[in-house]
>>> print(open('input22.cif').read())   # mmCIF, C-alpha atoms and all ligand atoms
data_structure
loop_
_atom_site.group_PDB
_atom_site.id
_atom_site.type_symbol
_atom_site.label_atom_id
_atom_site.label_comp_id
_atom_site.auth_asym_id
_atom_site.auth_seq_id
_atom_site.Cartn_x
_atom_site.Cartn_y
_atom_site.Cartn_z
ATOM 1 C CA MET A 38 88.730 0.432 -7.481
ATOM 2 C CA SER A 39 87.734 -2.033 -4.776
ATOM 3 C CA ASP A 40 89.844 -0.370 -2.075
ATOM 4 C CA CYS A 41 88.689 3.192 -2.773
ATOM 5 C CA ILE A 42 86.591 4.635 0.050
ATOM 6 C CA PHE A 43 84.746 7.087 -2.219
ATOM 7 C CA CYS A 44 83.914 4.330 -4.723
ATOM 8 C CA LYS A 45 82.449 2.440 -1.769
ATOM 9 C CA ILE A 46 80.403 5.490 -0.776
ATOM 10 C CA ALA A 47 79.228 5.864 -4.397
ATOM 11 C CA ALA A 48 78.233 2.182 -4.408
ATOM 12 C CA LYS A 49 76.403 2.626 -1.039
ATOM 13 C CA GLN A 50 78.673 0.066 0.592
ATOM 14 C CA ILE A 51 79.656 2.706 3.176
ATOM 15 C CA PRO A 52 77.081 5.175 4.528
ATOM 16 C CA ALA A 53 77.501 8.903 3.981
ATOM 17 C CA GLY A 54 75.311 11.973 4.413
ATOM 18 C CA VAL A 55 74.299 12.257 0.784
ATOM 19 C CA VAL A 56 72.900 15.676 -0.198
ATOM 20 C CA TYR A 57 72.805 15.255 -3.983
ATOM 21 C CA GLU A 58 72.961 12.356 -6.397
ATOM 22 C CA ASP A 59 72.435 11.792 -10.085
ATOM 23 C CA GLU A 60 73.626 9.315 -12.685
ATOM 24 C CA ASN A 61 77.167 10.669 -12.824
ATOM 25 C CA MET A 62 77.954 12.260 -9.466
ATOM 26 C CA LEU A 63 77.365 12.150 -5.738
ATOM 27 C CA CYS A 64 77.685 14.860 -3.112
ATOM 28 C CA PHE A 65 77.954 14.065 0.601
ATOM 29 C CA LYS A 66 78.971 15.640 3.914
ATOM 30 C CA ASP A 67 82.653 15.525 4.821
ATOM 31 C CA ILE A 68 83.127 13.233 7.817
ATOM 32 C CA ASN A 69 85.524 15.730 9.439
ATOM 33 C CA PRO A 70 84.111 19.139 8.458
ATOM 34 C CA SER A 71 86.350 22.186 8.490
ATOM 35 C CA ALA A 72 83.434 24.605 7.996
ATOM 36 C CA PRO A 73 79.760 24.658 9.120
ATOM 37 C CA VAL A 74 78.891 23.282 5.671
ATOM 38 C CA HIS A 75 81.576 21.031 4.191
ATOM 39 C CA LEU A 76 80.530 18.868 1.257
ATOM 40 C CA LEU A 77 82.443 16.659 -1.147
ATOM 41 C CA LEU A 78 81.306 16.310 -4.745
ATOM 42 C CA ILE A 79 82.653 13.238 -6.540
ATOM 43 C CA PRO A 80 82.181 11.623 -9.921
ATOM 44 C CA LYS A 81 80.719 8.115 -9.551
ATOM 45 C CA LYS A 82 83.384 6.976 -11.987
ATOM 46 C CA HIS A 83 86.748 6.469 -10.295
ATOM 47 C CA ILE A 84 89.292 9.102 -11.335
ATOM 48 C CA ASP A 85 92.408 9.336 -9.145
ATOM 49 C CA SER A 86 92.743 13.114 -9.167
ATOM 50 C CA LEU A 87 92.447 16.280 -11.199
ATOM 51 C CA ALA A 88 95.787 15.335 -12.758
ATOM 52 C CA HIS A 89 94.299 12.082 -14.057
ATOM 53 C CA LEU A 90 91.452 13.588 -16.070
ATOM 54 C CA GLU A 91 91.340 12.674 -19.751
ATOM 55 C CA GLY A 92 89.785 14.467 -22.693
ATOM 56 C CA GLY A 93 86.755 12.205 -22.536
ATOM 57 C CA ASP A 94 85.999 13.482 -19.018
ATOM 58 C CA ALA A 95 85.381 17.054 -20.190
ATOM 59 C CA ALA A 96 81.579 16.811 -20.191
ATOM 60 C CA LEU A 97 81.546 15.123 -16.777
ATOM 61 C CA VAL A 98 83.746 17.816 -15.228
ATOM 62 C CA ALA A 99 81.666 20.579 -16.773
ATOM 63 C CA GLU A 100 78.503 18.948 -15.431
ATOM 64 C CA MET A 101 80.019 18.781 -11.942
ATOM 65 C CA MET A 102 81.147 22.404 -12.001
ATOM 66 C CA LEU A 103 77.699 23.529 -13.094
ATOM 67 C CA LYS A 104 76.190 21.624 -10.160
ATOM 68 C CA VAL A 105 78.472 23.152 -7.512
ATOM 69 C CA PRO A 106 76.576 26.460 -7.053
ATOM 70 C CA GLN A 107 73.229 24.688 -7.140
ATOM 71 C CA ILE A 108 74.291 22.216 -4.449
ATOM 72 C CA ALA A 109 75.848 25.020 -2.397
ATOM 73 C CA ALA A 110 72.648 27.087 -2.517
ATOM 74 C CA ALA A 111 70.507 24.064 -1.683
ATOM 75 C CA ASN A 112 72.619 23.597 1.448
ATOM 76 C CA GLY A 113 72.245 27.158 2.686
ATOM 77 C CA LEU A 114 75.291 28.720 1.038
ATOM 78 C CA THR A 115 73.231 31.320 -0.775
ATOM 79 C CA HIS A 116 75.682 34.199 -0.314
ATOM 80 C CA GLY A 117 78.807 32.403 -1.437
ATOM 81 C CA PHE A 118 81.087 29.472 -0.785
ATOM 82 C CA LYS A 119 84.619 28.202 -1.268
ATOM 83 C CA THR A 120 85.737 25.321 -3.449
ATOM 84 C CA GLN A 121 88.965 23.357 -3.145
ATOM 85 C CA ILE A 122 90.498 20.496 -5.094
ATOM 86 C CA ASN A 123 93.608 18.990 -3.503
ATOM 87 C CA THR A 124 95.737 17.258 -6.105
ATOM 88 C CA GLY A 125 98.483 14.763 -5.349
ATOM 89 C CA LYS A 126 100.365 14.199 -2.111
ATOM 90 C CA GLY A 127 102.106 17.573 -2.505
ATOM 91 C CA GLY A 128 98.689 19.203 -2.796
ATOM 92 C CA GLY A 129 97.395 17.637 0.384
ATOM 93 C CA GLN A 130 95.237 14.995 -1.305
ATOM 94 C CA GLU A 131 94.445 12.156 1.081
ATOM 95 C CA VAL A 132 91.702 10.321 -0.773
ATOM 96 C CA PHE A 133 92.718 9.470 -4.314
ATOM 97 C CA HIS A 134 89.287 9.689 -5.904
ATOM 98 C CA LEU A 135 88.682 13.104 -7.450
ATOM 99 C CA HIS A 136 86.563 15.338 -5.218
ATOM 100 C CA ILE A 137 85.602 18.976 -5.010
ATOM 101 C CA HIS A 138 85.372 20.396 -1.490
ATOM 102 C CA ILE A 139 82.461 22.837 -1.095
ATOM 103 C CA LEU A 140 82.800 24.912 2.074
ATOM 104 C CA GLY A 141 80.942 27.745 3.698
ATOM 105 C CA ARG A 142 78.748 29.207 6.377
ATOM 106 C CA PRO A 143 74.997 29.416 5.808
ATOM 107 C CA ALA A 144 73.692 32.960 5.429
HETATM 108 P P1 LIG B 1 91.545 15.493 0.582
HETATM 109 O O1 LIG B 1 92.594 15.888 1.556
HETATM 110 O O2 LIG B 1 91.849 14.155 -0.077
HETATM 111 O O3 LIG B 1 91.230 16.567 -0.406
HETATM 112 O O4 LIG B 1 90.234 15.344 1.432
HETATM 113 C C1 LIG B 1 89.619 14.136 1.753
HETATM 114 C C2 LIG B 1 88.424 14.476 2.596
HETATM 115 O O5 LIG B 1 87.632 13.312 2.714
HETATM 116 C C3 LIG B 1 88.777 14.923 4.027
HETATM 117 O O6 LIG B 1 88.225 16.213 4.253
HETATM 118 C C4 LIG B 1 88.156 13.855 4.915
HETATM 119 O O7 LIG B 1 87.592 14.381 6.089
HETATM 120 C C5 LIG B 1 87.094 13.244 4.000
HETATM 121 N N1 LIG B 1 86.815 11.832 4.251
HETATM 122 C C6 LIG B 1 87.756 10.838 4.377
HETATM 123 N N2 LIG B 1 87.155 9.648 4.563
HETATM 124 C C7 LIG B 1 85.817 9.889 4.556
HETATM 125 C C8 LIG B 1 84.673 9.042 4.700
HETATM 126 O O8 LIG B 1 84.763 7.816 4.901
HETATM 127 N N3 LIG B 1 83.452 9.635 4.643
HETATM 128 C C9 LIG B 1 83.312 10.978 4.447
HETATM 129 N N4 LIG B 1 82.069 11.441 4.411
HETATM 130 N N5 LIG B 1 84.367 11.803 4.290
HETATM 131 C C10 LIG B 1 85.603 11.275 4.349
HETATM 132 ZN ZN ZN B 2 87.212 5.631 -6.299
#
>>> encode(input="input22.cif", output="structure tokens")
Amino acid sequence: MSDCIFCKIAAKQIPAGVVYEDENMLCFKDINPSAPVHLLLIPKKHIDSLAHLEGGDAALVAEMMLKVPQIAAANGLTHGFKTQINTGKGGGQEVFHLHIHILGRPA
């Protein structure tokens, strides 16, 4: 997806405040935060949205979900956090590369 901004961030073609990275996913600071801590967790593989997941993505999605609380805690959200996944234009999705918003206020 050559015109996808999050693919470009994953490929390090566009800078971002990366807070976590492994082989399959990347987590970085939202450029326009709506909370004191506002992170976006993306798969490195391009997937348009939650509605575009396929059966073969099950392990990847599980891996990402398991990482969310770890990343949240590592960024000061030790007493809780919110997650949000906007899906499709009707769901407020603006960037069509699957991402999990992680939001909160450090304890
Ligand atoms: P959506 O509405 O698609 O769920 O949210 C997209 C999010 O991506 C928004 O919160 C927006 O601020 C963030 N965003 C858009 N472009 C960039 C970018 O180039 N860099 C970073 N770090 N965040 C971005
Ligand atoms: Zn992409």
>>> resolve_selection(input="input22.cif", expression="the PyMOL selection byres (((not hetatm)) within 9 of (chain B and resi 2))", output="VMD selection string")
chain A and resid 38 to 47 79 to 85 132 to 135
>>> resolve_selection(input="input22.cif", expression="the PyMOL selection byres (((chain A and resi 114-116) around 9) and not hetatm)", output="list in words")
Val74, Pro106, Ile108, Ala109, Ala110, Ala111, Asn112, Gly113, Gly117, Phe118, Leu140, Gly141, Arg142, Pro143 and Ala144 of chain A
>>> closest_residue(input="input22.cif", among="A:Asp94, A:Ala48, A:His75, A:Ala99", to="Leu63 (chain A)", atoms="only C-alpha atoms")
A:Ala48
>>> closest_residue(input="input22.cif", among="A:Gly93, A:Leu78, A:Pro52, A:Ala88", to="Gln121 (chain A)", atoms="only C-alpha atoms")
A:Leu78
>>> closest_atom_pairs(input="input22.cif", of="chain A", to="ligand LIG 1 (chain B)", cutoff="8 Å", atoms="all atoms listed in the file", output="Markdown table")
| residue | atom | partner | partner_atom | distance |
| --- | --- | --- | --- | --- |
| A:Ile42 | CA | B:LIG1 | O8 | 6.1 |
| A:Phe43 | CA | B:LIG1 | O8 | 7.2 |
| A:Ile46 | CA | B:LIG1 | N3 | 7.5 |
| A:Ile51 | CA | B:LIG1 | O8 | 7.4 |
| A:Pro52 | CA | B:LIG1 | N3 | 7.8 |
| A:Ala53 | CA | B:LIG1 | N4 | 5.2 |
| A:Gly54 | CA | B:LIG1 | N4 | 6.8 |
| A:Phe65 | CA | B:LIG1 | N4 | 6.2 |
| A:Lys66 | CA | B:LIG1 | N4 | 5.2 |
| A:Asp67 | CA | B:LIG1 | N5 | 4.1 |
| A:Ile68 | CA | B:LIG1 | N4 | 4.0 |
| A:Asn69 | CA | B:LIG1 | O7 | 4.2 |
| A:Pro70 | CA | B:LIG1 | O7 | 6.4 |
| A:Ser71 | CA | B:LIG1 | O6 | 7.6 |
| A:Leu77 | CA | B:LIG1 | O5 | 7.3 |
| A:Gln121 | CA | B:LIG1 | O3 | 7.7 |
| A:Ile122 | CA | B:LIG1 | O3 | 6.2 |
| A:Asn123 | CA | B:LIG1 | O3 | 4.6 |
| A:Thr124 | CA | B:LIG1 | O3 | 7.3 |
| A:Gly129 | CA | B:LIG1 | O1 | 5.2 |
| A:Gln130 | CA | B:LIG1 | O2 | 3.7 |
| A:Glu131 | CA | B:LIG1 | O2 | 3.5 |
| A:Val132 | CA | B:LIG1 | O2 | 3.9 |
| A:Phe133 | CA | B:LIG1 | O2 | 6.4 |
| A:His134 | CA | B:LIG1 | O2 | 7.8 |
| A:His136 | CA | B:LIG1 | O3 | 6.8 |
| A:Ile137 | CA | B:LIG1 | O3 | 7.7 |
| A:His138 | CA | B:LIG1 | O3 | 7.1 |
>>> atom_distance(input="input22.cif", atom1="CA of Asn61 (chain A)", atom2="CA of Met102 (chain A)")
12.4 Å
>>> closest_residue(input="input22.cif", among="A:His89, A:Lys119, A:Lys104, A:Lys126", to="Met62 (chain A)", atoms="all atoms listed in the file")
A:Lys104
>>> closest_residue(input="input22.cif", among="A:Lys49, A:Ile139, A:Gln107, A:Gly127", to="Leu76 (chain A)", atoms="all atoms listed in the file")
A:Ile139
>>> atom_distance(input="input22.cif", atom1="CA of Ala96 (chain A)", atom2="CA of Asp59 (chain A)")
14.5 Å
>>> atom_distance(input="input22.cif", atom1="CA of Tyr57 (chain A)", atom2="CA of Leu90 (chain A)")
22.3 Å
>>> axis_aligned_box(input="input22.cif", around="region 55-63 of chain A", padding_each_side="5 Å", output="lines of an AutoDock Vina configuration file")
center_x = 75.2
center_y = 12.5
center_z = -6.0
size_x = 15.5
size_y = 16.4
size_z = 23.6
